$ cat input20.cif   # mmCIF, C-alpha atoms
data_structure
loop_
_atom_site.label_atom_id
_atom_site.label_comp_id
_atom_site.auth_asym_id
_atom_site.auth_seq_id
_atom_site.Cartn_x
_atom_site.Cartn_y
_atom_site.Cartn_z
CA MET A 1 -8.25 17.96 -43.33
CA ASN A 2 -8.15 20.26 -46.32
CA TYR A 3 -7.67 18.52 -49.66
CA HIS A 4 -6.54 20.11 -52.89
CA LYS A 5 -5.24 19.23 -56.31
CA LEU A 6 -1.51 19.11 -56.91
CA LEU A 7 -0.38 20.99 -59.99
CA PHE A 8 2.70 19.49 -61.57
CA ALA A 9 5.06 22.00 -63.23
CA PHE A 10 7.11 20.40 -65.96
CA ILE A 11 9.65 21.74 -68.42
CA VAL A 12 7.46 20.80 -71.37
CA GLY A 13 4.31 22.18 -69.75
CA ALA A 14 2.01 21.46 -66.89
CA PHE A 15 -0.73 19.06 -66.13
CA SER A 16 -2.97 18.49 -63.17
CA LEU A 17 -2.94 15.27 -61.20
CA SER A 18 -5.69 14.92 -58.70
CA CYS A 19 -4.28 13.78 -55.39
CA THR A 20 -5.61 14.44 -51.92
CA ASN A 21 -3.06 15.23 -49.26
CA THR A 22 -1.97 17.63 -46.56
CA TYR A 23 1.75 17.30 -47.24
CA SER A 24 2.89 18.99 -50.39
CA ILE A 25 5.89 17.52 -52.20
CA GLU A 26 7.89 20.68 -52.81
CA GLU A 27 11.20 21.30 -54.55
CA GLN A 28 12.75 23.10 -51.58
CA LYS A 29 12.28 20.13 -49.23
CA THR A 30 13.36 17.70 -51.95
CA ALA A 31 16.55 19.70 -52.46
CA GLU A 32 17.24 19.87 -48.72
CA ILE A 33 16.94 16.10 -48.30
CA LEU A 34 19.10 15.35 -51.33
CA LYS A 35 21.76 17.86 -50.31
CA SER A 36 22.02 16.33 -46.84
CA LEU A 37 22.29 12.77 -48.13
CA SER A 38 24.93 13.64 -50.72
CA SER A 39 27.01 15.95 -48.54
CA ASP A 40 30.73 15.41 -47.97
CA GLU A 41 29.91 14.71 -44.32
CA MET A 42 28.46 11.34 -45.42
CA ARG A 43 31.80 10.41 -47.02
CA GLY A 44 30.08 8.57 -49.86
CA ARG A 45 27.86 6.40 -47.62
CA TYR A 46 29.94 3.23 -47.99
CA ALA A 47 27.93 0.47 -46.29
CA LEU A 48 30.79 -0.70 -44.06
CA SER A 49 31.96 2.77 -43.03
CA ASP A 50 31.24 4.68 -39.84
CA GLU A 51 29.70 7.51 -41.88
CA ILE A 52 26.88 5.31 -43.15
CA HIS A 53 25.33 5.68 -39.68
CA ILE A 54 25.04 9.44 -40.22
CA ALA A 55 22.88 8.79 -43.27
CA GLU A 56 20.85 6.16 -41.44
CA GLN A 57 20.18 8.49 -38.51
CA PHE A 58 19.10 11.19 -40.95
CA ILE A 59 16.67 8.85 -42.71
CA ALA A 60 15.27 7.64 -39.38
CA SER A 61 14.68 11.25 -38.30
CA GLU A 62 12.72 11.89 -41.50
CA PHE A 63 10.64 8.74 -40.96
CA GLN A 64 9.90 9.91 -37.44
CA SER A 65 8.99 13.38 -38.67
CA ALA A 66 6.59 11.80 -41.17
CA GLY A 67 4.96 9.82 -38.35
CA LEU A 68 5.78 6.34 -39.65
CA LEU A 69 5.39 3.32 -37.42
CA PRO A 70 8.20 0.80 -36.84
CA PHE A 71 7.73 -2.38 -38.84
CA ASN A 72 6.79 -5.77 -37.46
CA GLU A 73 8.26 -6.28 -33.98
CA LEU A 74 10.97 -3.63 -34.28
CA ASP A 75 11.18 -0.92 -31.64
CA THR A 76 12.88 1.51 -34.01
CA TYR A 77 13.16 2.05 -37.76
CA GLU A 78 16.50 0.23 -37.74
CA GLN A 79 16.48 -3.31 -39.08
CA SER A 80 20.00 -4.44 -38.22
CA PHE A 81 21.65 -7.73 -39.12
CA TYR A 82 25.13 -9.21 -39.46
CA VAL A 83 27.17 -10.34 -42.40
CA SER A 84 30.38 -12.32 -42.32
CA GLU A 85 33.13 -11.21 -44.65
CA SER A 86 35.28 -14.09 -45.85
CA LYS A 87 38.71 -13.33 -47.29
CA LEU A 88 40.73 -16.06 -48.96
CA GLU A 89 44.20 -16.42 -47.40
CA SER A 90 45.51 -19.56 -49.10
CA ALA A 91 44.27 -22.25 -51.45
CA ASP A 92 45.69 -25.59 -52.53
CA ILE A 93 43.32 -27.30 -54.98
CA SER A 94 44.17 -30.22 -57.23
CA VAL A 95 42.21 -32.37 -59.69
CA ALA A 96 43.67 -35.68 -60.82
CA GLY A 97 46.96 -34.56 -59.30
CA LYS A 98 47.05 -31.30 -61.29
CA LYS A 99 47.13 -28.04 -59.31
CA ILE A 100 44.27 -25.63 -60.11
CA LEU A 101 45.46 -22.10 -60.84
CA ASP A 102 44.10 -19.10 -58.98
CA SER A 103 42.35 -17.85 -62.11
CA ASP A 104 40.48 -21.13 -62.52
CA PHE A 105 38.54 -21.31 -59.26
CA ILE A 106 36.02 -19.28 -57.26
CA ALA A 107 35.56 -20.18 -53.60
CA PHE A 108 32.68 -19.22 -51.31
CA THR A 109 33.78 -20.25 -47.83
CA VAL A 110 31.87 -20.12 -44.56
CA ASP A 111 34.55 -21.82 -42.48
CA GLU A 112 38.07 -20.72 -41.70
CA GLN A 113 39.29 -24.07 -42.98
CA PHE A 114 37.67 -25.85 -45.94
CA THR A 115 39.45 -29.16 -46.42
CA GLY A 116 38.42 -32.41 -48.03
CA ASP A 117 38.16 -34.72 -51.04
CA ASN A 118 35.51 -36.74 -52.84
CA GLU A 119 34.65 -38.58 -49.61
CA SER A 120 33.64 -35.41 -47.70
CA ILE A 121 32.76 -32.96 -50.47
CA SER A 122 29.87 -33.42 -52.89
CA LEU A 123 30.23 -32.98 -56.63
CA GLY A 124 28.26 -30.70 -58.95
CA PHE A 125 28.47 -29.79 -62.63
CA ILE A 126 27.73 -26.85 -64.89
CA ASN A 127 27.71 -28.36 -68.36
CA GLN A 128 28.07 -26.51 -71.64
CA ASN A 129 24.33 -26.54 -72.39
CA ASP A 130 23.33 -25.30 -68.93
CA ASN A 131 22.22 -21.78 -67.99
CA PHE A 132 25.42 -20.72 -66.25
CA ARG A 133 23.92 -17.85 -64.24
CA SER A 134 21.03 -19.95 -62.96
CA LYS A 135 23.15 -22.97 -62.05
CA PHE A 136 25.83 -20.79 -60.46
CA ASN A 137 23.25 -19.10 -58.22
CA ASP A 138 21.63 -22.44 -57.34
CA PHE A 139 24.93 -24.00 -56.28
CA ARG A 140 25.80 -20.96 -54.17
CA LYS A 141 22.78 -21.81 -52.00
CA SER A 142 24.00 -25.35 -51.37
CA ASP A 143 23.36 -26.85 -47.93
CA VAL A 144 26.38 -29.18 -48.18
CA ASP A 145 30.02 -28.60 -49.06
CA VAL A 146 30.33 -28.96 -52.81
CA LEU A 147 32.90 -28.72 -55.58
CA VAL A 148 31.30 -27.66 -58.86
CA PHE A 149 33.09 -28.48 -62.11
CA VAL A 150 32.47 -25.83 -64.77
CA ASP A 151 32.75 -26.68 -68.46
CA MET A 152 35.45 -24.85 -70.44
CA ALA A 153 32.71 -23.49 -72.71
CA PHE A 154 32.14 -20.89 -69.96
CA GLU A 155 35.79 -19.85 -69.69
CA GLU A 156 35.18 -16.18 -70.62
CA LEU A 157 32.11 -15.82 -68.41
CA PHE A 158 33.86 -17.63 -65.56
CA GLY A 159 36.68 -15.12 -65.80
CA ARG A 160 34.27 -12.20 -65.44
CA TYR A 161 32.60 -13.79 -62.41
CA GLY A 162 35.98 -14.56 -60.92
CA SER A 163 37.17 -10.97 -61.15
CA TYR A 164 34.20 -10.01 -58.98
CA TYR A 165 34.00 -12.93 -56.53
CA ARG A 166 37.41 -14.55 -56.34
CA HIS A 167 39.18 -13.38 -53.23
CA GLU A 168 36.48 -12.21 -50.85
CA HIS A 169 32.75 -12.45 -50.39
CA ARG A 170 30.12 -11.81 -47.77
CA PHE A 171 27.13 -13.77 -46.57
CA ILE A 172 24.30 -12.95 -44.21
CA GLU A 173 24.74 -14.60 -40.84
CA ASP A 174 22.79 -17.86 -40.54
CA SER A 175 21.74 -17.69 -44.20
CA LYS A 176 24.55 -19.86 -45.58
CA LYS A 177 25.94 -22.99 -43.98
CA ALA A 178 28.17 -24.67 -46.59
CA ASN A 179 31.38 -24.11 -48.53
CA VAL A 180 31.10 -23.97 -52.31
CA LEU A 181 34.00 -24.20 -54.75
CA PHE A 182 33.72 -23.66 -58.51
CA VAL A 183 36.53 -25.05 -60.65
CA LEU A 184 36.96 -24.41 -64.37
CA SER A 185 38.39 -27.63 -65.73
CA GLU A 186 38.41 -29.91 -68.75
CA ASN A 187 38.80 -32.85 -66.40
CA PHE A 188 35.65 -33.80 -64.45
CA ASN A 189 37.54 -36.15 -62.15
CA GLU A 190 36.49 -37.46 -58.77
CA ASN A 191 40.12 -37.60 -57.69
CA PHE A 192 40.46 -34.15 -56.15
CA ALA A 193 41.74 -32.51 -52.98
CA VAL A 194 40.81 -29.15 -51.44
CA ASN A 195 42.61 -27.19 -48.74
CA ILE A 196 41.44 -23.57 -48.39
CA THR A 197 42.12 -21.18 -45.53
CA SER A 198 39.97 -18.06 -45.07
CA LYS A 199 39.72 -15.21 -42.61
CA LEU A 200 36.20 -14.43 -41.37
CA GLU A 201 35.13 -11.05 -40.00
CA ARG A 202 31.66 -10.18 -38.67
CA LYS A 203 30.08 -6.82 -39.57
CA GLN A 204 26.74 -5.15 -38.80
CA LEU A 205 24.53 -3.60 -41.47
CA THR A 206 21.25 -1.70 -41.12
CA ASN A 207 18.15 -1.15 -43.26
CA LEU A 208 15.64 1.58 -42.37
CA VAL A 209 11.98 0.51 -42.41
CA GLY A 210 8.89 2.57 -41.61
CA MET A 211 5.22 1.76 -42.03
CA VAL A 212 1.83 3.35 -42.63
CA GLU A 213 -0.78 0.88 -41.43
CA GLY A 214 -3.64 0.06 -43.80
CA ASN A 215 -7.01 -1.63 -43.52
CA ARG A 216 -5.89 -4.91 -45.10
CA LYS A 217 -3.50 -6.34 -42.55
CA ASN A 218 -1.89 -8.90 -44.85
CA GLU A 219 -1.33 -6.77 -47.95
CA PHE A 220 1.74 -4.55 -48.37
CA VAL A 221 3.00 -2.04 -50.92
CA ILE A 222 6.71 -1.24 -50.71
CA PHE A 223 8.50 1.99 -51.67
CA SER A 224 12.25 1.42 -51.54
CA ALA A 225 15.70 2.69 -52.46
CA HIS A 226 19.23 1.87 -51.37
CA HIS A 227 20.99 4.43 -49.18
CA ASP A 228 24.56 3.19 -49.56
CA HIS A 229 27.10 4.21 -52.20
CA LEU A 230 30.80 3.70 -52.93
CA GLY A 231 32.57 5.80 -50.29
CA ILE A 232 36.07 7.07 -51.04
CA ARG A 233 37.43 6.57 -54.56
CA THR A 234 40.42 7.50 -56.70
CA PRO A 235 40.66 11.32 -56.59
CA ILE A 236 39.59 13.45 -59.55
CA ASN A 237 40.75 17.06 -59.27
CA ALA A 238 41.53 16.41 -55.58
CA ASP A 239 37.98 15.14 -54.91
CA SER A 240 37.89 11.57 -53.61
CA ILE A 241 34.32 11.36 -52.20
CA ALA A 242 31.79 9.48 -54.33
CA ASN A 243 28.80 11.43 -52.99
CA GLY A 244 26.22 9.38 -54.88
CA ALA A 245 23.73 12.21 -55.36
CA ASN A 246 21.94 10.44 -58.17
CA ASP A 247 22.97 6.92 -57.11
CA ASN A 248 21.06 6.71 -54.95
CA ALA A 249 20.42 9.72 -52.74
CA SER A 250 17.83 10.69 -55.35
CA GLY A 251 15.91 7.44 -54.76
CA VAL A 252 16.11 7.79 -50.97
CA THR A 253 14.89 11.38 -51.26
CA ALA A 254 11.91 10.07 -53.20
CA VAL A 255 11.14 7.43 -50.54
CA ILE A 256 11.30 10.05 -47.77
CA GLN A 257 9.05 12.47 -49.63
CA LEU A 258 6.58 9.69 -50.44
CA ALA A 259 6.57 8.69 -46.76
CA HIS A 260 5.65 12.24 -45.72
CA HIS A 261 3.04 12.39 -48.47
CA PHE A 262 1.20 9.13 -47.77
CA ALA A 263 1.51 9.33 -43.98
CA SER A 264 -0.40 12.61 -44.06
CA GLN A 265 -3.37 11.13 -45.92
CA PRO A 266 -6.32 9.11 -44.62
CA LYS A 267 -5.63 5.50 -43.69
CA PRO A 268 -4.83 3.54 -46.87
CA GLU A 269 -6.44 0.28 -47.86
CA ARG A 270 -3.12 -1.55 -48.03
CA ASN A 271 -0.17 -1.30 -45.64
CA LEU A 272 2.67 0.87 -46.92
CA LEU A 273 6.31 0.10 -46.19
CA PHE A 274 9.02 2.70 -46.78
CA VAL A 275 12.42 1.02 -46.89
CA THR A 276 15.96 2.16 -47.55
CA PHE A 277 18.33 -0.73 -48.06
CA THR A 278 21.95 -0.98 -47.07
CA ALA A 279 24.75 -2.66 -49.05
CA GLU A 280 23.12 -2.71 -52.48
CA GLU A 281 26.48 -1.77 -53.94
CA LEU A 282 28.12 -4.70 -52.13
CA GLY A 283 25.71 -7.31 -53.48
CA GLY A 284 22.20 -6.50 -52.28
CA TYR A 285 22.57 -7.78 -48.71
CA GLY A 286 20.04 -5.33 -47.28
CA SER A 287 17.24 -6.42 -49.61
CA GLN A 288 18.17 -10.08 -49.13
CA TYR A 289 17.81 -9.81 -45.37
CA PHE A 290 14.62 -7.74 -45.60
CA SER A 291 12.98 -10.27 -47.91
CA SER A 292 13.62 -13.05 -45.39
CA GLN A 293 11.67 -11.20 -42.69
CA LEU A 294 8.24 -11.25 -44.33
CA ASN A 295 5.92 -13.35 -46.41
CA PRO A 296 6.46 -12.49 -50.09
CA ASN A 297 2.90 -13.60 -50.89
CA GLU A 298 1.65 -10.65 -48.84
CA ILE A 299 3.58 -8.08 -50.88
CA VAL A 300 1.31 -6.69 -53.58
CA ALA A 301 3.91 -4.50 -55.31
CA MET A 302 7.37 -3.00 -54.87
CA PHE A 303 8.24 0.47 -56.19
CA ASN A 304 12.04 0.35 -56.10
CA ILE A 305 13.35 3.82 -56.95
CA GLU A 306 16.81 3.98 -58.49
CA MET A 307 18.61 7.04 -59.89
CA VAL A 308 15.79 9.48 -60.66
CA GLY A 309 17.77 12.71 -60.42
CA LYS A 310 18.47 13.20 -64.13
CA PRO A 311 16.00 13.37 -67.04
CA ALA A 312 15.81 10.41 -69.39
CA LEU A 313 16.84 10.78 -73.02
CA SER A 314 13.17 10.77 -73.97
CA GLY A 315 12.52 13.86 -71.85
CA PRO A 316 12.17 15.25 -68.33
CA ASN A 317 8.57 14.07 -67.96
CA THR A 318 9.32 10.37 -68.35
CA ALA A 319 10.50 7.44 -66.25
CA TRP A 320 11.25 3.88 -67.25
CA ILE A 321 10.46 0.63 -65.48
CA THR A 322 12.67 -2.45 -65.43
CA GLY A 323 11.06 -5.80 -66.24
CA TYR A 324 8.08 -3.95 -67.71
CA ASN A 325 6.58 -6.98 -69.45
CA ARG A 326 7.10 -9.41 -66.58
CA SER A 327 3.95 -8.26 -64.74
CA THR A 328 1.16 -5.72 -65.16
CA PHE A 329 2.89 -3.31 -62.75
CA GLY A 330 4.25 -1.16 -65.58
CA GLU A 331 0.95 -1.19 -67.44
CA ILE A 332 -0.86 0.06 -64.32
CA LEU A 333 1.62 2.92 -63.89
CA SER A 334 1.43 3.83 -67.57
CA LYS A 335 -2.37 4.02 -67.46
CA SER A 336 -2.23 6.21 -64.35
CA THR A 337 -0.73 9.08 -66.34
CA GLU A 338 -2.75 8.75 -69.55
CA GLY A 339 -3.92 12.17 -70.66
CA THR A 340 -1.00 13.88 -68.95
CA ILE A 341 2.44 14.74 -70.25
CA TYR A 342 4.15 12.35 -67.83
CA GLU A 343 4.92 8.89 -69.15
CA PHE A 344 6.06 5.58 -67.65
CA TYR A 345 7.47 3.12 -70.16
CA ALA A 346 9.64 0.02 -70.55
CA ASP A 347 13.34 0.00 -69.72
CA PRO A 348 15.13 1.21 -72.90
CA TYR A 349 18.37 -0.61 -71.96
CA PRO A 350 17.45 -4.33 -72.01
CA LYS A 351 21.02 -5.41 -72.82
CA GLN A 352 22.24 -3.93 -69.52
CA ASN A 353 20.11 -6.40 -67.55
CA LEU A 354 19.01 -3.65 -65.14
CA PHE A 355 16.07 -5.67 -63.82
CA TYR A 356 18.60 -7.81 -61.91
CA ARG A 357 20.94 -4.99 -60.89
CA SER A 358 18.99 -3.40 -58.05
CA ASP A 359 17.17 -4.37 -54.87
CA ASN A 360 13.94 -5.32 -56.64
CA ALA A 361 15.57 -8.52 -57.93
CA THR A 362 15.55 -10.35 -54.59
CA LEU A 363 11.80 -10.02 -54.12
CA ALA A 364 11.12 -10.51 -57.83
CA ARG A 365 12.72 -13.95 -57.58
CA LEU A 366 10.12 -14.71 -54.89
CA GLY A 367 7.25 -13.84 -57.23
CA VAL A 368 6.64 -10.27 -56.09
CA PRO A 369 5.81 -7.69 -58.80
CA ALA A 370 8.98 -5.85 -57.83
CA HIS A 371 10.30 -3.36 -60.36
CA SER A 372 12.78 -0.49 -60.40
CA ILE A 373 11.79 2.97 -61.59
CA SER A 374 14.56 5.10 -63.05
CA THR A 375 15.10 8.08 -65.32
CA THR A 376 18.87 8.29 -65.79
CA PRO A 377 20.37 7.81 -69.29
CA ILE A 378 22.64 5.12 -67.90
CA ASP A 379 24.39 4.46 -71.21
CA ILE A 380 25.85 7.98 -71.44
CA ASP A 381 25.86 9.21 -67.84
CA THR A 382 29.50 10.13 -67.17
CA ASP A 383 28.85 10.59 -63.42
CA TYR A 384 27.69 7.04 -62.74
CA HIS A 385 29.88 5.50 -59.99
CA GLN A 386 32.23 8.49 -60.16
CA VAL A 387 33.20 11.18 -57.64
CA THR A 388 31.45 13.65 -59.96
CA ASP A 389 28.00 12.34 -58.94
CA GLU A 390 27.34 15.52 -56.95
CA PHE A 391 24.29 17.45 -55.80
CA GLU A 392 24.96 20.10 -58.44
CA THR A 393 24.43 17.57 -61.26
CA ILE A 394 20.83 16.85 -60.21
CA ASN A 395 17.80 18.41 -61.86
CA ILE A 396 15.72 19.15 -58.76
CA SER A 397 12.61 20.11 -60.68
CA HIS A 398 12.71 16.84 -62.61
CA LEU A 399 13.33 14.84 -59.41
CA ASN A 400 10.44 16.51 -57.60
CA ASN A 401 8.09 16.00 -60.54
CA THR A 402 9.03 12.33 -60.75
CA ILE A 403 8.27 11.85 -57.06
CA LYS A 404 4.84 13.41 -57.60
CA ALA A 405 4.21 11.18 -60.60
CA ILE A 406 5.10 8.05 -58.60
CA ALA A 407 2.75 9.21 -55.82
CA LYS A 408 -0.06 9.59 -58.30
CA ALA A 409 0.69 6.34 -60.12
CA ALA A 410 0.68 4.37 -56.86
CA GLU A 411 -2.79 5.47 -55.79
CA GLY A 412 -4.67 2.71 -57.60
CA ILE A 413 -2.49 -0.02 -56.12
CA ILE A 414 -2.58 1.47 -52.61
CA SER A 415 -6.36 1.77 -52.68
CA GLY A 416 -6.81 -1.85 -53.76
CA LYS A 417 -8.33 -0.84 -57.10
CA TYR A 418 -5.45 -2.46 -58.98
CA THR A 419 -3.35 -5.50 -58.17
CA PRO A 420 -0.34 -6.25 -60.41
CA THR A 421 0.08 -9.81 -61.61
CA ARG A 422 2.71 -11.93 -59.87
CA LEU A 423 6.06 -12.77 -61.40
CA ASP A 424 6.97 -16.32 -62.37
CA PRO A 425 10.16 -17.21 -60.46
CA SER A 426 10.91 -20.05 -62.91
CA GLN A 427 11.35 -17.45 -65.65
CA LEU A 428 13.92 -15.45 -63.69
CA ASP A 429 17.67 -16.06 -63.60
#
$ encode --input "input20.cif" --output "structure tokens"
Amino acid sequence: MNYHKLLFAFIVGAFSLSCTNTYSIEEQKTAEILKSLSSDEMRGRYALSDEIHIAEQFIASEFQSAGLLPFNELDTYEQSFYVSESKLESADISVAGKKILDSDFIAFTVDEQFTGDNESISLGFINQNDNFRSKFNDFRKSDVDVLVFVDMAFEELFGRYGSYYRHEHRFIEDSKKANVLFVLSENFNENFAVNITSKLERKQLTNLVGMVEGNRKNEFVIFSAHHDHLGIRTPINADSIANGANDNASGVTAVIQLAHHFASQPKPERNLLFVTFTAEELGGYGSQYFSSQLNPNEIVAMFNIEMVGKPALSGPNTAWITGYNRSTFGEILSKSTEGTIYEFYADPYPKQNLFYRSDNATLARLGVPAHSISTTPIDIDTDYHQVTDEFETINISHLNNTIKAIAKAAEGIISGKYTPTRLDPSQLD
């Protein structure tokens, strides 16, 4: 093999990052991948649409071209699984003889008929001094049918959750076995009756997973992005396709380019997994299923790449990392570019809770140093979740440079020189 140094061209200047490879991460290829993923043919890559399979076939073809191996016992790059979609059809809920209004309950049903009272349904409580988010998530994982009374102190927050969850939800097949009902009520009374009817529909979803085998069989480094988007939306100037060029065709483009890059190099010390998740926009079902298929203690780090097609407010040579202070992952990446004009730094939008809003969160809750890397000025980006998120809005040079910077920053972790500290699940919501 012939090895050479990659020269990064940046808007502010140029700096040299030493990186041995035979596959060069070039703007033309980056643009081609992004343009394909964000084309109208994909119809916005909605996870439950037929068109999502076009995107998945495209990604699989790129993984094959890169020479990746299927993961685990899979015969292909497709990691398929099923979710059940539960839609509420009717609900009759009363506490102490008083009917509970539609706006005052949230139901997560796994059966077509959820009926009972205090003799067949367990009781739970979210009191005014509790961490609502944490308790809510804990109860959702219940193994027994439960009615959870929620204190009126959470009325506003309960309303926001209800607007998202109230009338339909999805759960991964075999991952949830109980019905859970949350009721906002001043009256914590054991005299209650529940009669809920739901319609269940089974749907298949697919992640794409490819692997470069390393020397250490039980150590993995993950490069990931979600390949789904929003599909068809309310038309703007006759355009109804939410192409999702930045969100998140840019991240998938990065994963594909990194796969080509690292697959062309000598065998790494640690195993490398290249993953594109489905259904992030629907609630992170792809990453949830993926995380259940491996041992989180064997995952050394997760580079989750989210919306890297537009320069950050601090400049085109920068990228920010969610949950920066939760492990040494961010510190390792920051040190990797010292002396250059590229910079990795902490998420500048802490109030937006971005650490929990992408596919890294599932593995982070299992202790993995799993962080998202992004560059988009999310607070002012007018294209976010709009039909205007088009290929033409992406800064290809910036995207390509960011991919190169991630490749360089990952070298120390891949080689085994650096190992990020683990996250503390007890400190995560």
$ closest_residue --input "input20.cif" --among "A:Leu363, A:Ile25, A:Ala259, A:Ile341" --to "Gly67 of chain A" --atoms "all atoms listed in the file"
A:Ala259
$ resolve_selection --input "input20.cif" --expression "the PyMOL selection byres ((chain A and resi 166) around 9)" --output "MDAnalysis selection string"
chainID A and resid 88 102:103 105:108 161:165 167:169
$ write_last_selection --input "input20.cif" --atoms "C-alpha atoms" --output "tab-separated table (two decimals), keeping the file's coordinate frame"
chain	number	residue	atom	x	y	z
A	88	LEU	CA	40.73	-16.06	-48.96
A	102	ASP	CA	44.10	-19.10	-58.98
A	103	SER	CA	42.35	-17.85	-62.11
A	105	PHE	CA	38.54	-21.31	-59.26
A	106	ILE	CA	36.02	-19.28	-57.26
A	107	ALA	CA	35.56	-20.18	-53.60
A	108	PHE	CA	32.68	-19.22	-51.31
A	161	TYR	CA	32.60	-13.79	-62.41
A	162	GLY	CA	35.98	-14.56	-60.92
A	163	SER	CA	37.17	-10.97	-61.15
A	164	TYR	CA	34.20	-10.01	-58.98
A	165	TYR	CA	34.00	-12.93	-56.53
A	167	HIS	CA	39.18	-13.38	-53.23
A	168	GLU	CA	36.48	-12.21	-50.85
A	169	HIS	CA	32.75	-12.45	-50.39
$ resolve_selection --input "input20.cif" --expression "the PyMOL selection byres ((chain A and resi 200) around 6)" --output "MDAnalysis selection string"
chainID A and resid 85:86 199 201
$ closest_residue --input "input20.cif" --among "A:Pro369, A:Gly44, A:Pro296, A:Pro420" --to "Asn246 of chain A" --atoms "all atoms listed in the file"
A:Gly44
$ atom_distance --input "input20.cif" --atom1 "atom CA of Asp379 of chain A" --atom2 "atom CA of Pro348 of chain A"
10.0 Å
$ resolve_selection --input "input20.cif" --expression "the PyMOL selection byres ((chain A and resi 112-115) around 6)" --output "ChimeraX atom specification"
/A:111,116,194-199
$ closest_residue --input "input20.cif" --among "A:Asp117, A:Glu73, A:Asp239, A:Glu219" --to "Thr388 of chain A" --atoms "all atoms listed in the file"
A:Asp239
$ closest_residue --input "input20.cif" --among "A:Val83, A:Ile236, A:Ala66, A:Ile172" --to "Met211 of chain A" --atoms "only C-alpha atoms"
A:Ala66
$ closest_residue --input "input20.cif" --among "A:Val300, A:Met307, A:Ile33, A:Ala279" --to "Asp247 of chain A" --atoms "all atoms listed in the file"
A:Met307
$ closest_residue --input "input20.cif" --among "A:Asn129, A:Asn207, A:Asn395, A:Asn317" --to "Ile52 of chain A" --atoms "only C-alpha atoms"
A:Asn207
$ atom_distance --input "input20.cif" --atom1 "atom CA of Arg270 of chain A" --atom2 "atom CA of Gly214 of chain A"
4.6 Å
$ decode --input "input20.cif" --residues "segment 349-363 of chain A" --atoms "N, CA and C atoms" --output "tab-separated table (two decimals), in the first residue's frame"
chain	number	residue	atom	x	y	z
A	349	TYR	N	-25.50	24.53	23.00
A	349	TYR	CA	-26.94	24.67	23.19
A	349	TYR	C	-27.44	23.77	24.32
A	350	PRO	N	-26.89	23.91	25.52
A	350	PRO	CA	-27.26	22.98	26.61
A	350	PRO	C	-28.75	22.99	26.95
A	351	LYS	N	-29.42	24.12	26.77
A	351	LYS	CA	-30.84	24.21	27.11
A	351	LYS	C	-31.71	23.39	26.17
A	352	GLN	N	-31.18	23.02	25.00
A	352	GLN	CA	-31.97	22.24	24.04
A	352	GLN	C	-31.87	20.74	24.30
A	353	ASN	N	-31.07	20.36	25.29
A	353	ASN	CA	-31.03	18.94	25.73
A	353	ASN	C	-30.68	18.00	24.58
A	354	LEU	N	-29.75	18.41	23.72
A	354	LEU	CA	-29.45	17.66	22.50
A	354	LEU	C	-28.78	16.31	22.78
A	355	PHE	N	-28.17	16.16	23.93
A	355	PHE	CA	-27.53	14.90	24.28
A	355	PHE	C	-28.53	13.75	24.26
A	356	TYR	N	-29.80	14.06	24.59
A	356	TYR	CA	-30.84	13.04	24.66
A	356	TYR	C	-31.69	12.98	23.39
A	357	ARG	N	-31.39	13.78	22.39
A	357	ARG	CA	-32.28	13.90	21.25
A	357	ARG	C	-31.76	13.20	19.99
A	358	SER	N	-30.80	12.31	20.15
A	358	SER	CA	-30.33	11.54	19.01
A	358	SER	C	-30.02	10.12	19.46
A	359	ASP	N	-29.53	9.32	18.53
A	359	ASP	CA	-29.38	7.88	18.77
A	359	ASP	C	-28.28	7.53	19.76
A	360	ASN	N	-27.44	8.47	20.13
A	360	ASN	CA	-26.41	8.18	21.14
A	360	ASN	C	-27.03	7.92	22.51
A	361	ALA	N	-28.21	8.49	22.77
A	361	ALA	CA	-28.78	8.46	24.11
A	361	ALA	C	-29.04	7.05	24.61
A	362	THR	N	-29.50	6.16	23.71
A	362	THR	CA	-29.81	4.79	24.13
A	362	THR	C	-28.59	4.09	24.70
A	363	LEU	N	-27.47	4.18	24.00
A	363	LEU	CA	-26.25	3.52	24.48
A	363	LEU	C	-25.63	4.29	25.63
